[in-house]
Every structure is written in structure tokens, then in C-alpha cells.
$ cat my_file.txt   # compact mmCIF, C-alpha atoms
# COMPACT_ATOMS: atom_id res chain seq x y z
CA MET D 1 38.89 -16.50 -23.83
CA SER D 2 39.48 -15.96 -20.11
CA THR D 3 41.31 -12.68 -20.80
CA LEU D 4 38.17 -11.40 -22.57
CA GLU D 5 35.79 -12.63 -19.87
CA THR D 6 37.65 -11.01 -16.97
CA PRO D 7 37.06 -7.38 -18.02
CA LEU D 8 33.46 -8.26 -18.86
CA ARG D 9 32.89 -9.80 -15.45
CA ARG D 10 34.51 -6.82 -13.78
CA ALA D 11 32.23 -4.49 -15.71
CA VAL D 12 29.16 -6.52 -14.69
CA ARG D 13 30.25 -6.55 -11.04
CA ALA D 14 30.91 -2.81 -11.12
CA GLN D 15 27.48 -2.20 -12.63
CA ARG D 16 25.81 -4.35 -9.94
CA ARG D 17 27.71 -2.55 -7.17
CA ALA D 18 26.68 0.81 -8.61
CA HIS D 19 23.05 -0.30 -8.79
CA ARG D 20 23.09 -1.62 -5.21
CA ALA D 21 24.69 1.60 -3.99
CA ARG D 22 22.08 3.69 -5.84
CA THR D 23 19.23 1.53 -4.48
CA THR D 24 20.57 1.73 -0.92
CA THR D 25 21.15 5.48 -1.08
CA ILE D 26 17.70 6.28 -2.50
CA THR D 27 15.99 3.94 -0.05
CA LEU D 28 17.77 5.57 2.90
CA VAL D 29 16.81 9.03 1.63
CA LEU D 30 13.18 7.92 1.32
CA ALA D 31 13.33 6.49 4.86
CA ALA D 32 14.70 9.80 6.17
CA ILE D 33 11.93 11.75 4.40
CA THR D 34 9.34 9.37 5.84
CA PHE D 35 10.66 9.85 9.36
CA ALA D 36 10.75 13.64 8.91
CA LEU D 37 7.13 13.69 7.72
CA PHE D 38 6.14 11.38 10.58
CA VAL D 39 7.60 13.89 13.06
CA VAL D 40 6.14 16.93 11.27
CA THR D 41 2.68 15.33 11.36
CA MET D 42 2.91 15.33 15.17
CA MET D 43 4.36 18.84 15.37
CA ILE D 44 1.59 20.75 13.59
CA GLY D 45 -1.80 21.45 15.09
CA SER D 46 -3.61 23.91 17.31
CA TYR D 47 -0.54 23.76 19.58
CA VAL D 48 2.76 23.64 17.65
CA LEU D 49 5.55 21.50 19.08
CA SER D 50 9.25 21.45 18.27
CA PRO D 51 10.84 18.39 16.61
CA TRP D 52 12.78 17.66 19.80
CA GLU D 53 9.62 17.71 21.92
CA VAL D 54 7.93 15.24 19.52
CA VAL D 55 10.92 12.88 19.29
CA GLY D 56 11.55 13.04 23.03
CA SER D 57 7.94 12.24 23.85
CA ALA D 58 7.41 9.58 21.16
CA PHE D 59 10.55 7.67 22.16
CA ARG D 60 10.05 8.32 25.91
CA LEU D 61 13.27 10.33 26.19
CA THR D 62 11.56 13.15 28.08
CA ASP D 63 8.82 13.34 30.71
CA ASP D 64 6.49 16.27 30.12
CA PRO D 65 2.83 15.33 30.82
CA SER D 66 1.33 18.07 28.65
CA VAL D 67 3.56 17.28 25.66
CA ASP D 68 3.05 13.54 26.19
CA PHE D 69 -0.73 14.02 26.12
CA ILE D 70 -0.58 15.94 22.83
CA VAL D 71 1.90 13.59 21.17
CA LEU D 72 1.02 10.15 22.53
CA ASP D 73 -2.73 10.48 23.02
CA LEU D 74 -3.78 12.92 20.30
CA ARG D 75 -1.36 12.87 17.36
CA LEU D 76 0.66 9.64 17.44
CA PRO D 77 -2.31 7.35 16.55
CA THR D 78 -3.06 9.36 13.40
CA ALA D 79 0.60 9.57 12.37
CA ALA D 80 1.11 5.84 13.03
CA THR D 81 -1.98 4.96 11.00
CA ALA D 82 -0.74 7.07 8.08
CA LEU D 83 2.71 5.49 8.33
CA GLY D 84 1.44 1.90 8.59
CA SER D 85 -1.20 2.15 5.88
CA GLY D 86 1.24 3.88 3.51
CA LEU D 87 3.93 1.23 4.02
CA ALA D 88 1.38 -1.57 3.51
CA LEU D 89 -0.24 -0.09 0.41
CA GLY D 90 3.12 0.77 -1.19
CA VAL D 91 4.40 -2.81 -0.92
CA ALA D 92 1.08 -4.40 -1.90
CA GLY D 93 0.76 -2.20 -4.98
CA LEU D 94 4.25 -2.95 -6.30
CA VAL D 95 3.86 -6.71 -5.66
CA PHE D 96 0.64 -6.74 -7.69
CA GLN D 97 2.16 -4.68 -10.51
CA ARG D 98 5.33 -6.78 -10.77
CA LEU D 99 3.52 -10.10 -10.35
CA LEU D 100 0.96 -9.30 -13.05
CA ALA D 101 3.39 -7.32 -15.22
CA ASN D 102 1.01 -4.40 -15.59
CA PRO D 103 1.14 -0.89 -14.05
CA LEU D 104 -2.66 -0.90 -13.77
CA ALA D 105 -2.64 -3.97 -11.50
CA SER D 106 -3.29 -2.15 -8.24
CA PRO D 107 -5.28 -3.75 -5.38
CA ASP D 108 -7.72 -0.85 -5.27
CA PHE D 109 -8.12 -0.95 -9.05
CA VAL D 110 -8.87 -4.69 -9.35
CA GLY D 111 -11.41 -4.97 -6.55
CA ILE D 112 -9.41 -6.11 -3.50
CA SER D 113 -10.05 -2.86 -1.64
CA GLY D 114 -13.64 -2.92 -2.94
CA GLY D 115 -14.24 -6.34 -1.36
CA ALA D 116 -12.71 -5.19 1.91
CA SER D 117 -14.81 -2.02 1.87
CA LEU D 118 -18.06 -3.90 1.18
CA PHE D 119 -17.58 -6.26 4.13
CA ALA D 120 -16.26 -3.53 6.46
CA VAL D 121 -19.18 -1.21 5.68
CA SER D 122 -21.61 -4.08 6.24
CA ALA D 123 -20.00 -4.68 9.65
CA ILE D 124 -20.20 -0.98 10.56
CA LEU D 125 -23.85 -0.66 9.53
CA PHE D 126 -25.44 -3.93 10.55
CA THR D 127 -23.46 -5.81 13.19
CA GLY D 128 -22.46 -3.19 15.76
CA TRP D 129 -19.67 -5.54 16.84
CA GLY D 130 -17.05 -2.78 16.86
CA ALA D 131 -13.48 -2.55 15.66
CA VAL D 132 -12.70 -6.27 15.86
CA ALA D 133 -15.58 -7.09 13.52
CA THR D 134 -14.62 -4.32 11.11
CA SER D 135 -11.03 -5.52 10.76
CA THR D 136 -12.08 -9.15 10.53
CA MET D 137 -14.75 -8.46 7.93
CA ALA D 138 -12.38 -6.26 5.89
CA LEU D 139 -9.83 -9.08 5.85
CA LEU D 140 -12.53 -11.62 4.95
CA GLY D 141 -13.86 -9.41 2.15
CA ALA D 142 -10.42 -8.88 0.66
CA LEU D 143 -9.62 -12.60 0.80
CA LEU D 144 -12.94 -13.61 -0.80
CA ALA D 145 -12.51 -10.96 -3.49
CA SER D 146 -8.99 -12.14 -4.32
CA ILE D 147 -10.09 -15.80 -4.39
CA ALA D 148 -13.01 -14.95 -6.70
CA ILE D 149 -10.76 -12.96 -9.04
CA TYR D 150 -8.12 -15.71 -9.06
CA LEU D 151 -10.63 -18.48 -9.84
CA LEU D 152 -12.52 -16.49 -12.50
CA ALA D 153 -9.26 -15.43 -14.18
CA TRP D 154 -7.74 -18.93 -14.09
CA ARG D 155 -7.34 -20.55 -17.53
CA GLY D 156 -4.57 -23.05 -16.91
CA GLY D 157 -2.62 -20.16 -15.41
CA ILE D 158 -2.97 -16.47 -14.63
CA THR D 159 -2.24 -13.62 -17.03
CA GLY D 160 -2.13 -10.03 -15.89
CA TYR D 161 -4.54 -8.76 -18.56
CA ARG D 162 -7.29 -11.31 -17.72
CA PHE D 163 -6.76 -10.86 -13.96
CA ILE D 164 -7.18 -7.09 -14.28
CA LEU D 165 -10.29 -7.30 -16.46
CA VAL D 166 -11.96 -9.74 -14.06
CA GLY D 167 -10.87 -7.58 -11.13
CA ILE D 168 -12.31 -4.41 -12.66
CA GLY D 169 -15.61 -6.19 -13.26
CA LEU D 170 -15.80 -7.42 -9.67
CA SER D 171 -14.71 -4.00 -8.40
CA GLN D 172 -17.75 -2.46 -10.08
CA LEU D 173 -19.93 -5.19 -8.57
CA PHE D 174 -18.56 -4.48 -5.08
CA THR D 175 -19.11 -0.74 -5.59
CA ALA D 176 -22.73 -1.34 -6.56
CA LEU D 177 -23.31 -3.69 -3.60
CA THR D 178 -21.71 -1.18 -1.21
CA GLY D 179 -24.07 1.51 -2.51
CA TYR D 180 -27.02 -0.85 -2.01
CA VAL D 181 -25.93 -1.66 1.56
CA ILE D 182 -25.61 2.03 2.42
CA ALA D 183 -28.99 2.76 0.87
CA ARG D 184 -30.55 0.20 3.26
CA ALA D 185 -29.09 1.92 6.35
CA ASP D 186 -30.57 4.84 8.26
CA LEU D 187 -29.32 8.33 7.55
CA THR D 188 -26.87 8.65 10.47
CA ASP D 189 -25.22 5.28 9.83
CA ALA D 190 -25.13 5.95 6.08
CA ARG D 191 -23.34 9.27 6.68
CA GLU D 192 -20.80 7.51 8.91
CA ALA D 193 -20.24 4.81 6.28
CA MET D 194 -19.80 7.35 3.47
CA THR D 195 -17.23 9.23 5.56
CA TRP D 196 -15.34 5.99 6.18
CA LEU D 197 -15.42 5.12 2.46
CA VAL D 198 -13.58 8.33 1.56
CA GLY D 199 -10.63 7.20 3.66
CA SER D 200 -9.17 8.98 6.69
CA VAL D 201 -6.14 8.08 8.79
CA GLY D 202 -7.68 9.75 11.82
CA SER D 203 -10.54 7.28 12.16
CA ALA D 204 -8.63 4.17 13.25
CA GLY D 205 -9.33 2.73 16.67
CA PRO D 206 -6.68 1.18 18.93
CA PHE D 207 -7.47 -2.37 17.76
CA GLU D 208 -7.26 -1.56 14.02
CA LEU D 209 -4.04 0.39 14.58
CA ARG D 210 -2.35 -2.34 16.62
CA THR D 211 -3.41 -4.98 14.09
CA LEU D 212 -2.08 -2.93 11.19
CA LEU D 213 1.26 -2.19 12.86
CA VAL D 214 1.78 -5.83 13.86
CA ALA D 215 0.95 -6.95 10.31
CA VAL D 216 3.35 -4.39 8.84
CA ALA D 217 6.11 -5.41 11.26
CA VAL D 218 5.67 -9.11 10.42
CA LEU D 219 4.65 -9.18 6.76
CA LEU D 220 6.91 -6.52 5.26
CA PRO D 221 10.13 -8.42 6.11
CA VAL D 222 8.52 -11.55 4.65
CA ALA D 223 7.70 -9.64 1.46
CA PHE D 224 11.26 -8.34 1.25
CA VAL D 225 12.61 -11.89 1.55
CA LEU D 226 10.19 -13.17 -1.11
CA SER D 227 11.14 -10.39 -3.52
CA ARG D 228 13.82 -12.67 -5.01
CA ARG D 229 11.06 -15.06 -6.12
CA LEU D 230 9.16 -12.07 -7.43
CA GLY D 231 12.11 -11.27 -9.66
CA ALA D 232 12.14 -14.84 -11.00
CA LEU D 233 8.39 -14.78 -11.67
CA GLU D 234 8.83 -11.62 -13.75
CA LEU D 235 10.92 -13.68 -16.20
CA GLY D 236 7.90 -15.87 -17.02
CA ASP D 237 6.52 -19.12 -15.65
CA ASP D 238 8.85 -21.38 -17.65
CA ALA D 239 11.98 -19.45 -16.73
CA ALA D 240 10.92 -19.27 -13.08
CA SER D 241 10.33 -23.04 -13.01
CA ALA D 242 13.74 -23.61 -14.57
CA LEU D 243 15.26 -21.54 -11.75
CA GLY D 244 13.61 -23.82 -9.19
CA VAL D 245 10.74 -21.54 -8.21
CA ARG D 246 7.35 -23.13 -7.51
CA VAL D 247 5.39 -20.78 -9.69
CA GLU D 248 1.79 -21.04 -8.52
CA ARG D 249 2.69 -21.51 -4.85
CA SER D 250 4.95 -18.46 -4.91
CA ARG D 251 2.38 -16.39 -6.83
CA LEU D 252 -0.39 -17.35 -4.42
CA GLY D 253 1.81 -16.61 -1.40
CA LEU D 254 2.75 -13.14 -2.65
CA LEU D 255 -0.85 -12.34 -3.61
CA ALA D 256 -2.13 -13.51 -0.21
CA LEU D 257 0.48 -11.42 1.60
CA SER D 258 -0.49 -8.33 -0.41
CA VAL D 259 -4.19 -8.95 0.12
CA VAL D 260 -3.74 -9.11 3.90
CA LEU D 261 -1.75 -5.86 3.90
CA VAL D 262 -4.40 -4.09 1.81
CA ALA D 263 -7.25 -5.44 3.94
CA LEU D 264 -5.73 -4.30 7.24
CA ALA D 265 -4.75 -0.90 5.81
CA THR D 266 -8.33 -0.50 4.58
CA ALA D 267 -9.74 -1.54 7.95
CA ALA D 268 -7.58 1.07 9.71
CA ALA D 269 -7.84 4.03 7.34
CA GLY D 270 -10.62 3.22 4.90
CA PRO D 271 -10.01 2.74 1.17
CA LEU D 272 -7.28 5.35 0.51
CA SER D 273 -7.56 5.53 -3.24
CA PHE D 274 -4.62 5.47 -5.67
CA VAL D 275 -1.83 5.10 -3.04
CA ALA D 276 -1.08 1.50 -4.05
CA LEU D 277 -1.32 2.49 -7.72
CA ILE D 278 1.10 5.41 -7.48
CA ALA D 279 3.77 4.26 -5.00
CA GLY D 280 5.27 1.46 -7.10
CA PRO D 281 5.76 3.46 -10.33
CA ILE D 282 7.38 6.33 -8.40
CA ALA D 283 9.82 3.86 -6.82
CA VAL D 284 10.55 2.39 -10.25
CA ARG D 285 11.26 5.88 -11.61
CA LEU D 286 13.66 6.58 -8.76
CA ILE D 287 15.56 3.29 -8.71
CA GLY D 288 14.98 1.53 -12.01
CA ASN D 289 13.04 -1.40 -13.38
CA ALA D 290 14.00 -3.65 -10.47
CA ALA D 291 12.70 -1.25 -7.84
CA SER D 292 13.01 -2.67 -4.37
CA LEU D 293 9.96 -3.19 -2.19
CA PRO D 294 11.39 -1.08 0.69
CA ALA D 295 11.55 1.92 -1.65
CA ALA D 296 7.90 1.41 -2.67
CA ALA D 297 6.93 1.06 0.99
CA PHE D 298 8.54 4.39 1.92
CA VAL D 299 7.04 6.12 -1.13
CA GLY D 300 3.59 4.88 -0.04
CA ALA D 301 4.17 6.22 3.47
CA ILE D 302 5.37 9.57 2.11
CA ILE D 303 2.24 9.88 -0.05
CA VAL D 304 -0.15 9.18 2.83
CA LEU D 305 1.71 11.35 5.38
CA THR D 306 1.90 14.25 2.91
CA ALA D 307 -1.74 13.84 1.89
CA ASP D 308 -2.79 13.94 5.55
CA LEU D 309 -0.72 17.09 6.19
CA VAL D 310 -2.31 18.78 3.17
CA ALA D 311 -5.82 17.60 4.09
CA GLN D 312 -5.54 18.81 7.68
CA HIS D 313 -3.42 21.96 7.49
CA ALA D 314 -2.99 23.30 3.94
CA LEU D 315 -6.63 23.77 2.95
CA PRO D 316 -9.28 26.23 4.20
CA VAL D 317 -11.19 23.35 5.81
CA SER D 318 -10.00 19.97 7.04
CA LEU D 319 -10.79 17.08 4.69
CA PRO D 320 -10.42 13.30 4.86
CA THR D 321 -7.04 12.09 3.65
CA GLY D 322 -8.63 10.09 0.84
CA VAL D 323 -9.88 13.29 -0.81
CA VAL D 324 -6.29 14.46 -1.35
CA THR D 325 -4.99 11.06 -2.53
CA GLY D 326 -7.94 10.87 -4.93
CA ALA D 327 -7.32 14.38 -6.25
CA VAL D 328 -3.68 13.49 -6.97
CA GLY D 329 -4.34 9.95 -8.16
CA ALA D 330 -7.16 10.58 -10.62
CA PRO D 331 -5.07 12.68 -13.06
CA TYR D 332 -2.23 10.17 -12.69
CA LEU D 333 -4.60 7.32 -13.61
CA ILE D 334 -5.76 9.20 -16.73
CA TRP D 335 -2.13 9.81 -17.73
CA LEU D 336 -1.26 6.15 -17.01
CA LEU D 337 -4.16 4.83 -19.10
CA ALA D 338 -3.13 7.03 -22.02
CA THR D 339 0.54 5.98 -21.69
CA VAL D 340 -0.22 2.27 -21.34
CA ASN D 341 -2.57 2.36 -24.33
CA ARG D 342 0.00 4.24 -26.46
CA GLU D 343 2.82 1.85 -25.53
CA GLY D 344 0.64 -1.29 -25.74
CA ARG D 345 1.50 -2.39 -22.19
CA GLY D 346 -2.08 -2.96 -21.15
CA GLY D 347 -2.02 -6.55 -22.35
$ encode --input "my_file.txt" --output "C-alpha cells"
Amino acid sequence: MSTLETPLRRAVRAQRRAHRARTTTITLVLAAITFALFVVTMMIGSYVLSPWEVVGSAFRLTDDPSVDFIVLDLRLPTAATALGSGLALGVAGLVFQRLLANPLASPDFVGISGGASLFAVSAILFTGWGAVATSTMALLGALLASIAIYLLAWRGGITGYRFILVGIGLSQLFTALTGYVIARADLTDAREAMTWLVGSVGSAGPFELRTLLVAVAVLLPVAFVLSRRLGALELGDDAASALGVRVERSRLGLLALSVVLVALATAAAGPLSFVALIAGPIAVRLIGNAASLPAAAFVGAIIVLTADLVAQHALPVSLPTGVVTGAVGAPYLIWLLATVNREGRGG
């Protein structure tokens, strides 16, 4: 018996090593592409800089006041917002999709971003409290939306299909309420709110950007550590319990972590549509069914950085970043709906 098991175990170990090597290699390649796009974003503009000038200024390796002004004061905030929001949305989207076992389970599709947008727009239009209020209200809106969806979808447990249906319903409600709030504002404020709702990485203030980057630096490692529980939860509640995982506590923790990431990304860059929906499936295609969260994070960052480059430099007129992500994401959503319906994976 042991002579038969030994080759089998060796084959399993070899397969696991090959999968880890593939995952590590692809993740490192995605990280390199992300860094390259991050640098290119700061190179291009009315005054073109070399990669070495950007890297030297960003990492304080050189001391050129004119280059430092262009890089640190003008371009770095936009590039950092694109990087942070992309990383956050990529991880949050894949956590939702794996936790609810449905490729349509994206935070912007089930109303989390809608709740954050409603409260952030209300803060912009009616409070005048500034960036702190906008970030706080976006976080509050996302948390209240997620709590409402969780409670309304609860029937002795949570299923992905019911969670998504309830989320879509609340998303439409938030959209209608946001339209009503904007309609109550004066024309100038309404135009500002509509611009924010499209989503643009160049609109973040210092407070929103610092908050987003701190959240990304703290919460992404936590999400990576919790990904082992995520894998157990994908096996089903009974199997996860048998493996010693506290099902509802782990599910709530992962959902809360994702909601915070989405809320702070929305507060910094507005509701960038479809990034959370697209990043996870691309990572799954590249790595496999057990796609790692770091890969999804880098794919999200690549999408946002590329969309911003296209929106600012590849079109006849500059557009908000959300216009490009929406133009790419809408056809993908139509294709995804048709595929999910054909394969019966919608629930």
C-alpha cells in the first residue's frame, strides 16, 4: 500500500510546487507591470520626463526642484490614487466573488459602492465639511448598505444568489436616492456631484489619499492572511466548520474588510465602475480557480492605471477615468451575464 502511496504523494507535491511557482511568477509579473504603469503615469504629460527622473524624484534619490515639483506635487497624487484604489477594488471584488461563489458578486454591482456614493454625494452637496466628511460618510454609507443587504438576505444563513438579488435591489434604490439628492442641489453643486459620480483618480484630496493608502497598507496584508479561511468557506459551511473555521464570524470579517476597502477607494476616486467586477476573473484566468488575492490586487491596479492613461492621453479630449472603465466593463458585464446564464452559475 505504501509503495503505491509514495508515487501518488510525490505527484501531488510536484503539482502543488508547480502551482505555487506559477502563482508566484504570474504575481511578480503583474507587480512589475503595475510598477511600470505607475512610473509611466508620472512620465507623460505636458512636460515628458524620463523613467529615471521619475524614480529618482519619487524615491528621493535625486534633488531637482523642477522635476520634484512635477512628480511629487502634480503627478504623484493622481498615480498613487489610481494605484491604491485599483489594489483595494481588485481585492474587494475577488473576496466578494469567492465568498458568495458567484462572478456577479461585485461590490459595485450589489450596492456597496452605491451606498458609499449616496452618502458621499450628500456630504459634498449639503454639509460643506470637506474631505474628512466625504470619506467618513462614504465609509458609513458602505457599512450601512452592507449591513442592510446582509440582514435582508439572511435566512438562517447567506447564499450568494439571495445576497446578489437583495444587493441589486438596494443598488437601484441608492441610485434613485442619489438622483433625488442631486436634483435638490443647485446647478453648480449638482455638476460637481455628477462629475464625482463618474469616477476620477485626479480628484482625491490629501486626506482621502492618505486614508486610502493607510487602509491599503494595513488591510491588504490582513486579507492575504485571511485568504486561507476564504478557501475553506468556498468548500461550504459544513466543510468549513469541520475544518475548524468559524463560518459566520469569518464571513462577516471578510465582508467588512472588503466593504472598508471599497468605501475608501470610492471616497478617494469616486465609484470607478466595473474594476472590482473585472479584476478577480482576470486573475482567475491567469492563475487558476484558486487565484490569489495579490494577483487580483495587481490586476485591479493595472486596470485603473491603464484606464487613467487612456482617459488622459490617448483620446482627443481628457475624460474622467470612470468613463474608460465603464466603456470596458459594460461589454464584459453583458458577456458575463450571457455566460453565467448559459452555464447556470447565476444561482
$ closest_atom_pairs --input "my_file.txt" --of "stretch 142-206 of chain D" --to "stretch 260-266 of chain D" --cutoff "12 Å" --atoms "all atoms listed in the file" --output "JSON lines"
{"residue": "D:Ala142", "atom": "CA", "partner": "D:Ala263", "partner_atom": "CA", "distance": 5.7}
{"residue": "D:Leu143", "atom": "CA", "partner": "D:Val260", "partner_atom": "CA", "distance": 7.5}
{"residue": "D:Leu144", "atom": "CA", "partner": "D:Ala263", "partner_atom": "CA", "distance": 11.0}
{"residue": "D:Ala145", "atom": "CA", "partner": "D:Ala263", "partner_atom": "CA", "distance": 10.6}
{"residue": "D:Ser146", "atom": "CA", "partner": "D:Val260", "partner_atom": "CA", "distance": 10.2}
{"residue": "D:Trp196", "atom": "CA", "partner": "D:Thr266", "partner_atom": "CA", "distance": 9.7}
{"residue": "D:Leu197", "atom": "CA", "partner": "D:Thr266", "partner_atom": "CA", "distance": 9.3}
{"residue": "D:Val198", "atom": "CA", "partner": "D:Thr266", "partner_atom": "CA", "distance": 10.7}
{"residue": "D:Gly199", "atom": "CA", "partner": "D:Thr266", "partner_atom": "CA", "distance": 8.1}
{"residue": "D:Ser200", "atom": "CA", "partner": "D:Thr266", "partner_atom": "CA", "distance": 9.7}
{"residue": "D:Val201", "atom": "CA", "partner": "D:Ala265", "partner_atom": "CA", "distance": 9.6}
{"residue": "D:Ser203", "atom": "CA", "partner": "D:Thr266", "partner_atom": "CA", "distance": 11.1}
{"residue": "D:Ala204", "atom": "CA", "partner": "D:Ala265", "partner_atom": "CA", "distance": 9.8}
$ residues_around --input "my_file.txt" --residues "D:Ile26" --least-positions-apart "2" --cutoff "8 Å" --atoms "only C-alpha atoms" --output "ChimeraX atom specification"
/D:22-24,28-30,286-287,295
$ closest_residue --input "my_file.txt" --among "D:Ile302, D:Leu272, D:Val323, D:Leu87" --to "D:Ala215" --atoms "all atoms listed in the file"
D:Leu87
$ closest_residue --input "my_file.txt" --among "D:Arg9, D:Thr41, D:Val48, D:His19" --to "D:Ala311" --atoms "only C-alpha atoms"
D:Thr41
$ closest_residue --input "my_file.txt" --among "D:Thr81, D:Ser292, D:Ser273, D:Thr34" --to "D:Ala327" --atoms "only C-alpha atoms"
D:Ser273
$ closest_residue --input "my_file.txt" --among "D:Asp64, D:Ala88, D:Leu187, D:Ala120" --to "D:Pro221" --atoms "only C-alpha atoms"
D:Ala88
$ residues_near_point --input "my_file.txt" --point "(3.3, 9.8, 16.4)" --cutoff "12 Å" --atoms "all atoms listed in the file" --output "ChimeraX atom specification"
/D:35-44,51,53-60,67-84,202,305
$ closest_residue --input "my_file.txt" --among "D:Leu104, D:Leu125, D:Val218, D:Val259" --to "D:Arg191" --atoms "all atoms listed in the file"
D:Leu125
